[in-house]
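Content type mmCIF, C-alpha atoms and all ligand atoms, from the file work35.cif:
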data_coords
loop_
_atom_site.label_atom_id
_atom_site.label_comp_id
_atom_site.auth_asym_id
_atom_site.auth_seq_id
_atom_site.Cartn_x
_atom_site.Cartn_y
_atom_site.Cartn_z
CA MET A 1 0.00 0.00 0.00
CA ALA A 2 2.61 2.52 1.09
CA ASP A 3 4.72 1.74 -1.92
CA VAL A 4 1.85 2.12 -4.39
CA LEU A 5 0.75 5.36 -2.74
CA GLU A 6 4.28 6.69 -2.90
CA ARG A 7 4.65 5.94 -6.60
CA VAL A 8 1.21 7.33 -7.41
CA THR A 9 1.94 10.47 -5.39
CA LYS A 10 5.18 11.07 -7.24
CA ILE A 11 3.41 10.91 -10.60
CA ILE A 12 0.67 13.29 -9.41
CA VAL A 13 3.22 15.77 -8.06
CA ASP A 14 5.21 15.67 -11.32
CA ARG A 15 2.22 15.89 -13.59
CA LEU A 16 -0.02 18.36 -11.77
CA GLY A 17 2.67 20.44 -10.13
CA VAL A 18 1.02 20.23 -6.70
CA ASP A 19 2.78 19.93 -3.35
CA GLU A 20 3.23 16.44 -1.97
CA SER A 21 1.38 17.43 1.22
CA GLU A 22 -1.75 18.18 -0.82
CA VAL A 23 -1.97 14.62 -2.15
CA LYS A 24 -4.24 12.72 0.23
CA LEU A 25 -6.21 9.53 -0.37
CA GLU A 26 -9.46 11.47 -0.34
CA SER A 27 -8.23 14.23 -2.69
CA SER A 28 -10.24 14.46 -5.89
CA PHE A 29 -8.06 14.99 -8.96
CA LYS A 30 -10.41 17.56 -10.44
CA ASP A 31 -11.85 19.27 -7.35
CA ASP A 32 -8.81 19.32 -5.06
CA LEU A 33 -5.76 18.93 -7.24
CA GLY A 34 -6.70 21.26 -10.09
CA ALA A 35 -6.69 18.64 -12.85
CA ASP A 36 -8.84 19.02 -15.94
CA SER A 37 -10.33 16.04 -17.80
CA LEU A 38 -7.35 15.70 -20.08
CA ASP A 39 -4.97 15.78 -17.10
CA VAL A 40 -6.85 12.82 -15.61
CA VAL A 41 -6.59 10.92 -18.90
CA GLU A 42 -2.87 11.59 -18.92
CA LEU A 43 -2.42 10.57 -15.29
CA VAL A 44 -4.15 7.28 -16.03
CA MET A 45 -1.80 6.76 -19.00
CA GLU A 46 1.20 7.32 -16.76
CA LEU A 47 -0.14 4.98 -14.10
CA GLU A 48 -0.56 2.33 -16.80
CA ASP A 49 3.08 2.74 -17.76
CA GLU A 50 4.37 2.90 -14.18
CA PHE A 51 2.54 -0.24 -13.07
CA GLY A 52 2.60 -2.10 -16.40
CA MET A 53 -1.16 -2.53 -16.61
CA GLU A 54 -3.96 -1.58 -18.93
CA ILE A 55 -6.84 0.43 -17.52
CA SER A 56 -9.95 0.36 -19.72
CA ASP A 57 -11.86 3.55 -20.47
CA GLU A 58 -14.78 2.32 -18.32
CA GLU A 59 -12.51 1.62 -15.35
CA ALA A 60 -10.67 4.89 -15.79
CA GLU A 61 -13.94 6.79 -15.51
CA GLN A 62 -14.40 5.40 -11.99
CA ILE A 63 -11.09 6.86 -10.83
CA VAL A 64 -11.98 10.17 -9.20
CA THR A 65 -9.75 10.40 -6.12
CA VAL A 66 -6.19 9.45 -5.30
CA GLY A 67 -7.61 6.63 -3.16
CA ASP A 68 -9.58 5.29 -6.15
CA ALA A 69 -6.38 5.08 -8.15
CA VAL A 70 -4.41 3.42 -5.36
CA ASN A 71 -7.18 0.89 -4.63
CA TYR A 72 -7.59 0.07 -8.30
CA ILE A 73 -3.89 -0.53 -8.80
CA GLN A 74 -3.64 -2.58 -5.60
CA SER A 75 -6.50 -4.82 -6.74
CA LYS A 76 -4.72 -5.54 -10.02
CA LEU A 77 -1.20 -6.16 -8.73
CA MET B 1 12.59 21.07 -42.31
CA LEU B 2 11.36 17.76 -40.86
CA SER B 3 14.56 15.90 -40.06
CA GLY B 4 14.27 13.60 -37.05
CA LYS B 5 10.50 13.51 -37.39
CA THR B 6 8.35 10.52 -38.25
CA ALA B 7 5.02 10.42 -40.05
CA LEU B 8 2.11 8.11 -40.76
CA VAL B 9 0.19 8.83 -43.97
CA THR B 10 -3.08 6.94 -44.44
CA GLY B 11 -3.88 6.05 -48.04
CA GLY B 12 -0.25 6.77 -48.92
CA SER B 13 -0.12 4.32 -51.80
CA ARG B 14 -1.69 6.49 -54.50
CA GLY B 15 -2.73 10.00 -55.51
CA ILE B 16 -2.54 12.79 -52.98
CA GLY B 17 -1.35 10.53 -50.13
CA ARG B 18 1.54 9.28 -52.25
CA ALA B 19 2.64 12.84 -53.03
CA ILE B 20 2.38 13.76 -49.35
CA ALA B 21 4.43 10.76 -48.19
CA ILE B 22 7.18 11.51 -50.70
CA ASP B 23 7.26 15.24 -49.97
CA LEU B 24 7.46 14.68 -46.21
CA ALA B 25 10.41 12.35 -46.87
CA LYS B 26 12.07 14.87 -49.20
CA ASN B 27 11.97 17.28 -46.30
CA GLY B 28 13.61 14.83 -43.93
CA ALA B 29 10.86 12.73 -42.31
CA ASP B 30 10.69 8.94 -42.04
CA VAL B 31 7.30 7.76 -43.27
CA ALA B 32 4.96 4.83 -42.68
CA VAL B 33 2.85 4.35 -45.82
CA ASN B 34 -0.61 2.97 -45.09
CA TYR B 35 -2.75 1.31 -47.76
CA SER B 36 -5.82 -0.90 -47.82
CA GLY B 37 -5.50 -3.17 -50.86
CA ASN B 38 -2.74 -1.99 -53.13
CA GLU B 39 0.42 -3.43 -51.60
CA GLU B 40 2.37 -3.09 -54.81
CA LYS B 41 1.69 0.65 -55.11
CA ALA B 42 2.52 1.16 -51.44
CA ASN B 43 5.83 -0.62 -51.90
CA GLU B 44 6.66 1.62 -54.86
CA VAL B 45 6.22 4.64 -52.59
CA VAL B 46 8.42 3.00 -49.95
CA LYS B 47 11.16 2.40 -52.54
CA GLU B 48 10.99 5.98 -53.69
CA ILE B 49 11.31 7.26 -50.12
CA GLU B 50 14.23 4.94 -49.42
CA SER B 51 15.97 6.24 -52.52
CA LEU B 52 15.79 9.66 -50.85
CA GLY B 53 17.74 8.22 -47.94
CA ARG B 54 14.83 8.13 -45.50
CA LYS B 55 13.27 5.20 -43.70
CA ALA B 56 9.88 3.94 -44.83
CA PHE B 57 7.66 0.89 -44.71
CA ALA B 58 4.25 -0.06 -46.05
CA ILE B 59 1.54 -1.04 -43.61
CA ARG B 60 -1.89 -2.46 -44.38
CA ALA B 61 -4.93 -1.40 -42.39
CA ASN B 62 -8.51 -0.49 -43.17
CA VAL B 63 -8.86 2.87 -41.42
CA ALA B 64 -12.56 2.15 -40.78
CA ASN B 65 -11.57 -0.70 -38.46
CA ALA B 66 -10.42 0.48 -35.02
CA ASP B 67 -8.57 -2.76 -34.16
CA GLU B 68 -6.58 -2.66 -37.38
CA VAL B 69 -5.79 1.01 -36.82
CA ASN B 70 -4.61 0.40 -33.26
CA SER B 71 -2.22 -2.36 -34.31
CA MET B 72 -0.96 -0.21 -37.17
CA VAL B 73 -0.22 2.73 -34.89
CA ASN B 74 1.46 0.47 -32.33
CA GLU B 75 3.67 -0.99 -35.01
CA VAL B 76 4.63 2.44 -36.35
CA ILE B 77 5.60 3.64 -32.86
CA GLU B 78 7.54 0.44 -32.23
CA ARG B 79 9.49 0.70 -35.47
CA PHE B 80 10.13 4.45 -35.45
CA GLY B 81 10.27 5.02 -31.69
CA ARG B 82 8.07 8.10 -31.95
CA LEU B 83 5.29 9.61 -34.04
CA ASP B 84 5.23 13.31 -34.87
CA ILE B 85 2.91 13.64 -37.84
CA LEU B 86 -0.37 11.94 -38.72
CA VAL B 87 -1.88 12.68 -42.12
CA ASN B 88 -5.47 11.42 -42.41
CA ASN B 89 -5.73 11.16 -46.16
CA ALA B 90 -7.40 7.80 -46.91
CA GLY B 91 -10.72 8.31 -48.63
CA ILE B 92 -13.14 6.93 -51.19
CA THR B 93 -16.16 8.13 -53.17
CA LYS B 94 -19.42 6.31 -53.86
CA ASP B 95 -21.39 9.00 -55.61
CA ASN B 96 -25.12 8.89 -56.14
CA LEU B 97 -28.09 11.20 -55.96
CA LEU B 98 -29.52 11.30 -52.47
CA MET B 99 -32.74 9.69 -53.70
CA ARG B 100 -30.84 6.78 -55.18
CA MET B 101 -28.14 6.42 -52.56
CA LYS B 102 -28.02 2.99 -50.96
CA GLU B 103 -27.53 2.67 -47.23
CA SER B 104 -24.33 0.73 -47.90
CA GLU B 105 -22.96 3.60 -50.03
CA TRP B 106 -23.65 6.01 -47.20
CA ASP B 107 -22.13 3.73 -44.56
CA ASP B 108 -18.98 2.86 -46.51
CA VAL B 109 -18.07 6.47 -47.19
CA ILE B 110 -18.86 7.67 -43.66
CA ASN B 111 -16.94 4.76 -42.14
CA ILE B 112 -13.79 5.16 -44.21
CA ASN B 113 -13.71 8.94 -44.70
CA LEU B 114 -14.99 10.14 -41.30
CA LYS B 115 -14.78 7.33 -38.76
CA GLY B 116 -11.35 6.51 -40.18
CA VAL B 117 -10.13 9.96 -39.15
CA PHE B 118 -11.56 9.46 -35.65
CA ASN B 119 -9.95 6.02 -35.33
CA CYS B 120 -6.50 7.15 -36.41
CA THR B 121 -6.60 10.38 -34.40
CA LYS B 122 -7.65 8.57 -31.24
CA ALA B 123 -4.94 5.98 -31.73
CA VAL B 124 -2.06 8.48 -32.04
CA THR B 125 -3.02 10.97 -29.33
CA ARG B 126 -1.58 8.90 -26.49
CA GLN B 127 1.89 8.96 -28.03
CA MET B 128 1.67 12.62 -29.06
CA MET B 129 0.46 13.64 -25.60
CA LYS B 130 3.44 11.90 -24.06
CA GLN B 131 5.77 13.63 -26.50
CA ARG B 132 4.08 16.93 -25.75
CA SER B 133 4.07 17.66 -29.47
CA GLY B 134 2.39 16.50 -32.63
CA ARG B 135 0.80 17.45 -35.90
CA ILE B 136 -2.49 16.00 -37.11
CA ILE B 137 -3.40 16.98 -40.66
CA ASN B 138 -6.76 15.96 -42.10
CA ILE B 139 -7.53 15.92 -45.80
CA ALA B 140 -11.08 17.25 -46.12
CA SER B 141 -12.48 18.67 -49.36
CA ILE B 142 -13.81 21.89 -50.70
CA VAL B 143 -17.20 20.18 -51.16
CA GLY B 144 -17.37 19.78 -47.37
CA ILE B 145 -17.69 23.57 -47.29
CA ALA B 146 -19.68 24.26 -50.46
CA GLY B 147 -21.77 21.08 -50.87
CA ASN B 148 -22.00 19.09 -54.10
CA ALA B 149 -24.93 17.40 -55.80
CA GLY B 150 -24.48 13.63 -56.02
CA GLN B 151 -22.13 13.38 -53.05
CA ALA B 152 -24.33 13.49 -49.93
CA ASN B 153 -22.27 10.79 -48.19
CA TYR B 154 -18.89 12.24 -49.16
CA VAL B 155 -19.86 15.84 -48.37
CA ALA B 156 -21.27 14.85 -44.97
CA ALA B 157 -18.04 13.00 -44.18
CA LYS B 158 -15.83 15.90 -45.29
CA ALA B 159 -17.88 18.49 -43.40
CA GLY B 160 -17.66 16.13 -40.43
CA ILE B 161 -13.87 16.12 -40.73
CA ILE B 162 -13.82 19.92 -40.56
CA GLY B 163 -15.83 19.87 -37.31
CA LEU B 164 -13.73 17.06 -35.91
CA THR B 165 -10.60 19.06 -36.74
CA LYS B 166 -11.82 22.03 -34.70
CA THR B 167 -12.83 19.94 -31.71
CA THR B 168 -9.65 17.88 -31.65
CA ALA B 169 -7.64 21.08 -31.98
CA LYS B 170 -9.34 22.50 -28.89
CA GLU B 171 -8.90 19.32 -26.86
CA LEU B 172 -5.23 18.86 -27.66
CA ALA B 173 -3.96 22.44 -27.88
CA GLY B 174 -2.80 22.37 -24.27
CA ARG B 175 -0.48 19.49 -25.15
CA ASN B 176 1.17 21.31 -28.03
CA ILE B 177 -0.54 19.15 -30.63
CA THR B 178 -1.98 21.08 -33.56
CA VAL B 179 -4.81 19.80 -35.72
CA ASN B 180 -5.59 21.35 -39.09
CA ALA B 181 -7.38 20.38 -42.27
CA VAL B 182 -6.62 20.93 -45.92
CA ALA B 183 -9.56 21.17 -48.29
CA PRO B 184 -8.48 20.36 -51.85
CA GLY B 185 -10.54 21.38 -54.84
CA PHE B 186 -10.24 19.33 -58.02
CA ILE B 187 -6.93 17.43 -57.99
CA SER B 188 -5.85 15.09 -60.82
CA THR B 189 -5.73 11.57 -59.32
CA ASP B 190 -7.35 8.14 -59.87
CA MET B 191 -10.35 9.47 -57.93
CA THR B 192 -11.07 12.30 -60.37
CA ASP B 193 -9.89 10.46 -63.50
CA GLN B 194 -13.09 8.40 -63.19
CA LEU B 195 -15.24 11.46 -63.92
CA PRO B 196 -16.67 11.96 -67.44
CA GLU B 197 -14.93 14.45 -69.72
CA GLN B 198 -17.98 16.72 -69.80
CA ILE B 199 -18.08 17.10 -66.01
CA ARG B 200 -14.36 17.76 -65.91
CA ASN B 201 -14.77 20.58 -68.47
CA GLU B 202 -17.63 22.07 -66.46
CA MET B 203 -15.47 21.99 -63.33
CA LEU B 204 -12.60 23.70 -65.10
CA LYS B 205 -14.80 26.71 -65.88
CA GLN B 206 -15.35 27.24 -62.17
CA ILE B 207 -11.66 27.38 -61.29
CA PRO B 208 -10.34 30.97 -61.36
CA LEU B 209 -6.72 29.81 -61.67
CA GLY B 210 -7.78 27.90 -64.80
CA ARG B 211 -6.25 24.49 -64.11
CA PHE B 212 -6.83 21.36 -62.06
CA GLY B 213 -4.61 20.93 -59.04
CA GLU B 214 -1.76 18.44 -58.83
CA PRO B 215 -1.15 16.16 -55.83
CA ASN B 216 1.98 18.18 -55.11
CA ASP B 217 -0.08 21.34 -54.64
CA ILE B 218 -1.58 19.61 -51.60
CA ALA B 219 1.65 17.95 -50.46
CA ASN B 220 3.50 21.27 -50.27
CA MET B 221 0.92 22.66 -47.86
CA VAL B 222 0.90 19.49 -45.77
CA THR B 223 4.68 19.67 -45.41
CA PHE B 224 4.40 23.27 -44.27
CA ILE B 225 1.74 22.38 -41.68
CA ALA B 226 3.85 19.43 -40.51
CA SER B 227 6.83 21.71 -39.91
CA ASP B 228 7.57 24.00 -36.98
CA LYS B 229 6.81 26.98 -39.23
CA SER B 230 3.08 26.44 -38.73
CA SER B 231 3.28 26.28 -34.94
CA TYR B 232 0.77 29.09 -34.24
CA MET B 233 -1.99 27.62 -36.42
CA THR B 234 -4.55 25.12 -35.16
CA GLY B 235 -8.16 24.16 -35.91
CA GLN B 236 -8.03 25.69 -39.39
CA THR B 237 -9.21 24.44 -42.76
CA LEU B 238 -7.14 25.69 -45.68
CA CYS B 239 -8.73 25.60 -49.13
CA LEU B 240 -6.40 24.69 -51.98
CA ASP B 241 -8.73 24.82 -54.91
CA GLY B 242 -7.46 27.33 -57.46
CA GLY B 243 -9.88 29.85 -56.01
CA MET B 244 -13.12 27.88 -56.51
CA VAL B 245 -14.53 28.72 -53.10
CA MET B 246 -13.73 31.97 -51.37
CA TYR B 247 -15.15 32.81 -47.99
N1 LIG A 301 -8.66 14.03 -55.98
C1 LIG A 301 -9.38 15.10 -55.60
O1 LIG A 301 -9.77 15.93 -56.42
C2 LIG A 301 -9.71 15.32 -54.16
C3 LIG A 301 -10.38 16.50 -53.82
C4 LIG A 301 -10.69 16.75 -52.50
C5 LIG A 301 -10.33 15.84 -51.53
N2 LIG A 301 -9.69 14.70 -51.87
C6 LIG A 301 -9.34 13.76 -50.79
O2 LIG A 301 -7.98 13.46 -50.80
C7 LIG A 301 -7.77 12.15 -50.30
C8 LIG A 301 -6.97 11.33 -51.29
O3 LIG A 301 -7.67 11.29 -52.51
P1 LIG A 301 -7.01 10.77 -53.88
O4 LIG A 301 -7.64 11.54 -54.96
O5 LIG A 301 -5.54 10.74 -53.76
O6 LIG A 301 -7.61 9.27 -53.91
P2 LIG A 301 -7.05 7.94 -54.62
O7 LIG A 301 -6.09 8.29 -55.68
O8 LIG A 301 -8.28 7.19 -54.97
O9 LIG A 301 -6.27 7.20 -53.42
C9 LIG A 301 -6.97 6.80 -52.28
C10 LIG A 301 -5.99 6.27 -51.26
O10 LIG A 301 -6.74 5.90 -50.06
C11 LIG A 301 -6.45 4.56 -49.74
N3 LIG A 301 -7.62 3.94 -49.11
C12 LIG A 301 -8.86 3.79 -49.62
N4 LIG A 301 -9.67 3.18 -48.73
C13 LIG A 301 -8.91 2.94 -47.63
C14 LIG A 301 -9.16 2.32 -46.37
N5 LIG A 301 -10.37 1.81 -46.06
N6 LIG A 301 -8.16 2.23 -45.47
C15 LIG A 301 -6.92 2.71 -45.78
N7 LIG A 301 -6.63 3.30 -46.95
C16 LIG A 301 -7.61 3.41 -47.87
C17 LIG A 301 -6.07 3.91 -51.05
O11 LIG A 301 -5.30 2.74 -50.77
P3 LIG A 301 -5.15 1.53 -51.87
O12 LIG A 301 -4.14 2.02 -52.86
O13 LIG A 301 -4.65 0.37 -51.07
O14 LIG A 301 -6.50 1.35 -52.47
C18 LIG A 301 -5.28 5.03 -51.71
O15 LIG A 301 -3.96 5.07 -51.21
C19 LIG A 301 -9.15 11.58 -50.02
O16 LIG A 301 -9.48 11.78 -48.65
C20 LIG A 301 -10.04 12.43 -50.89
O17 LIG A 301 -11.36 12.49 -50.39
C21 LIG A 301 -9.38 14.42 -53.18
#
Could I get this file's structure written as structure tokens?
Ligand SMILES: NC(=O)c1ccc[n+]([C@@H]2O[C@H](COP(=O)([O-])OP(=O)(O)OC[C@H]3O[C@@H](n4cnc5c(N)ncnc54)[C@H](OP(=O)(O)O)[C@@H]3O)[C@@H](O)[C@H]2O)c1
Amino acid sequence: MADVLERVTKIIVDRLGVDESEVKLESSFKDDLGADSLDVVELVMELEDEFGMEISDEEAEQIVTVGDAVNYIQSKL
Amino acid sequence: MLSGKTALVTGGSRGIGRAIAIDLAKNGADVAVNYSGNEEKANEVVKEIESLGRKAFAIRANVANADEVNSMVNEVIERFGRLDILVNNAGITKDNLLMRMKESEWDDVININLKGVFNCTKAVTRQMMKQRSGRIINIASIVGIAGNAGQANYVAAKAGIIGLTKTTAKELAGRNITVNAVAPGFISTDMTDQLPEQIRNEMLKQIPLGRFGEPNDIANMVTFIASDKSSYMTGQTLCLDGGMVMY
């Protein structure tokens, strides 16, 4: 868990230019972290690369918060 | 102008697409030449590009089929390592008066000419977004702006391409990917050679510059759009038609 969260956080910080302290499990990408729709698409692409998995469009639509992303990845690892 | 860049040209085996593929290569790009049935013609284009000292290969895919398009794009990225330029040029005509047009004629033209552009654009955006740069160039047609009797399916597809160009341009602008369309008028290729002499003469009268266009007239513009010189232009449709339609 910690490891996945750490890797996800790093990608979010790099991509969205937010401070690490702002990235919490309950943070919403769009509402709290200032991402637009295309940013979320891009984040999902980077998560796919980082964790070597494919996330379908339907599944990607369910990823709203940092916690959603971490849980999803955990369930697939 | 394009050295170090790589391109995918759909329908690159003949006509306008062939001229575009060769001109991009002349200006330094490596080019994947897509075709649907004519492997021999595609290979001729590949040979010509290789003789210019650039890399090229022919790749079969029906642009109307999303699975085939996805594997094509994956292969191009694998072989070239990157993808800078997509030219959506593949297209067909199945002309008929609206009242006589069969559903299959409508579907075939919409699927290849319009859905094909959607399929290819969607397939390349991931790579271009990662690169934070890209050029998508769609070959529309002047009739997509002016309309043309006997081409309801084709005109609807080409007008659709112009709208798709604007929307894609807006969605991808933030990632430094530009999307533009070129609208040719009457260009001498296999597509227009099919037309009866009488119609060709009628057309000629409507062209202020007094001649039909050549595939290279289109290719020159595509090369310009593909280059860094066009970097402040996106979402536009440029008419290259000898002055037929002015607006
Ligand atoms: N000629 C004109 O006056 C004119 C005017 C305005 C716009 N345009 C547009 O310019 C583009 C090229 O036209 P052109 O005159 O050069 O046509 P063309 O000489 O008939 O060549 C058509 C090209 O498209 C390819 N193609 C056809 N169906 C395909 C499919 N399902 N999947 C992949 N490739 C496919 C063909 O491949 P194969 O060789 O394998 O068949 C060929 O390379 C078209 O979009 C056309 O609408 C042409």
Practice item. Counting only C-alpha atoms, collect the residues of chain A whose closest atom lies at most 12 Å from chain B, and write them out as an MDAnalysis selection string. Key: chainID A and resid 15 36:39 41:46 48:49
Practice item. For ligand LIG 301 (chain A), collect every residue having any atom at a distance of at most 8 Å from a ligand atom (counting all atoms listed in the file); output as a PyMOL selection string. Key: chain B and resi 10-18+34-39+41-42+60-64+88-93+112-113+116+139-143+154+158+183-192+213+215
Review point. Taking (-7.4, 1.4, -36.2) in the file's coordinates as the center, which residues reach within 10 Å of it, counting only C-alpha atoms, put as an MDAnalysis selection string?
Key: chainID B and resid 61:74 115:124
Exercise for review: Write out as JSON, numbers by chain the residues lying within 10 Å of Glu6 (chain A), counting all atoms listed in the file and excluding same-chain residues fewer than 5 positions away.
Suggested key: {"A": [1, 11, 12, 20, 70]}
Practice item. Return the single residue from B:Val182, B:Ile207, B:Ala146, B:Ala19 that is closest to Ile225 (chain B), with distances computed using only C-alpha atoms. Key: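 Using only C-alpha atoms, the shortest distance to Ile225 (chain B) belongs to B:Val182.
By chain and then residue number, the residues within 7 Å of Phe29 (chain A) are A:Leu33, A:Gly34, A:Ala35, A:Val64, A:Thr65, A:Val66, counting only C-alpha atoms and disregarding those fewer than 4 positions away in sequence.
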Point to revise | Close residues, region 133-136 of chain B itself excluded, 6 Å, only C-alpha atoms, min 4 positions apart in chain, as a list of chain:residue names | key: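 With the cut-off at 6 Å, the set is B:Asp84, B:Ile85, B:Leu86, B:Met128, B:Asn176, B:Ile177, B:Thr178, B:Val179, B:Ala226.
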